[in-house]
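Contents: one structure, followed by commentary.
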Amino acid sequence: MKYASVLLAVTCLLSAVKAQWVETTIQVGSGAWDLCYNPQINKIYCASSQDTTVTVIDGATNSVIATVAVGNQPY
């Protein structure tokens with residue numbers, strides 16, 4: 001299943017929109033500003049600059065599976 005992802009930095013939310021146009025909103029870290037999708041394992045990674053974390057989201061369940069502290073300005 002393919003995803004189009006939109007990063008909403010102002011509200012620090014990540015919205016993953018499926019091909020069927022079903023929208024899911026997932027709370028991520030403060031200052032969300034960078035996004036990466038790995039289609040081989042169906043994981044979405046969202047970097048948050050203010051709390052210096054990367055949130056890992058399972059694309060199959062649209063749920064946060066980990067929040068990793070990574071240091072200053074994660075990309």
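Identifiers for the structure tokens are assigned positionally: chains receive A, B, ... in sequence, residues are indexed from 1 per chain, and ligands are indexed from 1 in the order shown.
Neighbouring residues of stretch 65-73 of chain A at 8 Å or closer, counting only C-alpha atoms and skipping chain neighbours under 5 positions away, are Ser48, Ser49, Gln50, Thr52, Thr53, Val54, Thr55, Val56, Ile57 and Asp58 of chain A.
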Export of prior selection with N, CA, C and O atoms as a PDB file, in the first residue's frame:
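As written to disk, result10.pdb reads:
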```pdb
ATOM      1  N   SER A  48      12.119  15.636  14.948  1.00  0.00           N
ATOM      2  CA  SER A  48      11.581  16.776  15.697  1.00  0.00           C
ATOM      3  C   SER A  48      12.731  17.573  16.275  1.00  0.00           C
ATOM      4  O   SER A  48      13.499  17.069  17.090  1.00  0.00           O
ATOM      5  N   SER A  49      12.853  18.823  15.838  1.00  0.00           N
ATOM      6  CA  SER A  49      14.008  19.633  16.197  1.00  0.00           C
ATOM      7  C   SER A  49      13.995  20.142  17.635  1.00  0.00           C
ATOM      8  O   SER A  49      15.039  20.219  18.273  1.00  0.00           O
ATOM      9  N   GLN A  50      12.841  20.480  18.170  1.00  0.00           N
ATOM     10  CA  GLN A  50      12.803  21.082  19.507  1.00  0.00           C
ATOM     11  C   GLN A  50      13.068  20.079  20.618  1.00  0.00           C
ATOM     12  O   GLN A  50      13.692  20.409  21.611  1.00  0.00           O
ATOM     13  N   THR A  52      14.573  17.106  19.927  1.00  0.00           N
ATOM     14  CA  THR A  52      15.713  16.339  19.416  1.00  0.00           C
ATOM     15  C   THR A  52      15.470  14.832  19.409  1.00  0.00           C
ATOM     16  O   THR A  52      16.276  14.052  19.871  1.00  0.00           O
ATOM     17  N   THR A  53      14.319  14.444  18.832  1.00  0.00           N
ATOM     18  CA  THR A  53      13.968  13.031  18.737  1.00  0.00           C
ATOM     19  C   THR A  53      13.589  12.671  17.305  1.00  0.00           C
ATOM     20  O   THR A  53      13.322  13.540  16.480  1.00  0.00           O
ATOM     21  N   VAL A  54      13.559  11.374  17.042  1.00  0.00           N
ATOM     22  CA  VAL A  54      12.990  10.837  15.811  1.00  0.00           C
ATOM     23  C   VAL A  54      11.885   9.875  16.234  1.00  0.00           C
ATOM     24  O   VAL A  54      12.114   8.964  17.031  1.00  0.00           O
ATOM     25  N   THR A  55      10.688  10.098  15.716  1.00  0.00           N
ATOM     26  CA  THR A  55       9.556   9.232  15.999  1.00  0.00           C
ATOM     27  C   THR A  55       9.444   8.213  14.875  1.00  0.00           C
ATOM     28  O   THR A  55       9.481   8.573  13.704  1.00  0.00           O
ATOM     29  N   VAL A  56       9.309   6.930  15.251  1.00  0.00           N
ATOM     30  CA  VAL A  56       9.175   5.851  14.274  1.00  0.00           C
ATOM     31  C   VAL A  56       7.715   5.404  14.271  1.00  0.00           C
ATOM     32  O   VAL A  56       7.159   5.081  15.317  1.00  0.00           O
ATOM     33  N   ILE A  57       7.110   5.400  13.078  1.00  0.00           N
ATOM     34  CA  ILE A  57       5.695   5.072  12.929  1.00  0.00           C
ATOM     35  C   ILE A  57       5.559   3.846  12.039  1.00  0.00           C
ATOM     36  O   ILE A  57       6.175   3.770  10.976  1.00  0.00           O
ATOM     37  N   ASP A  58       4.765   2.888  12.483  1.00  0.00           N
ATOM     38  CA  ASP A  58       4.467   1.700  11.692  1.00  0.00           C
ATOM     39  C   ASP A  58       3.383   2.084  10.684  1.00  0.00           C
ATOM     40  O   ASP A  58       2.272   2.450  11.059  1.00  0.00           O
TER      41      ASP A  58
END
```
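Interatomic distance, atom CA of A:Pro74 against atom CA of A:Leu35: 10.3 Å.
Counting only C-alpha atoms, the residue from A:Gly59, A:Asp51, A:Lys43, A:Tyr75 that sits nearest to A:Gly31 is A:Asp51.
As for atom CA of A:Asp34 and atom CA of A:Cys46, they are spaced 5.8 Å apart.
Taking atom CA of A:Gln27 as the reference point, atom CA of A:Val64 is found at 8.4 Å.
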* **Residues flagged strand (DSSP E or B) by DSSP in stretch 16-70 of chain A, as a ChimeraX atom specification** => /A:16-18,23-27,32-38,43-48,53-58,63-69
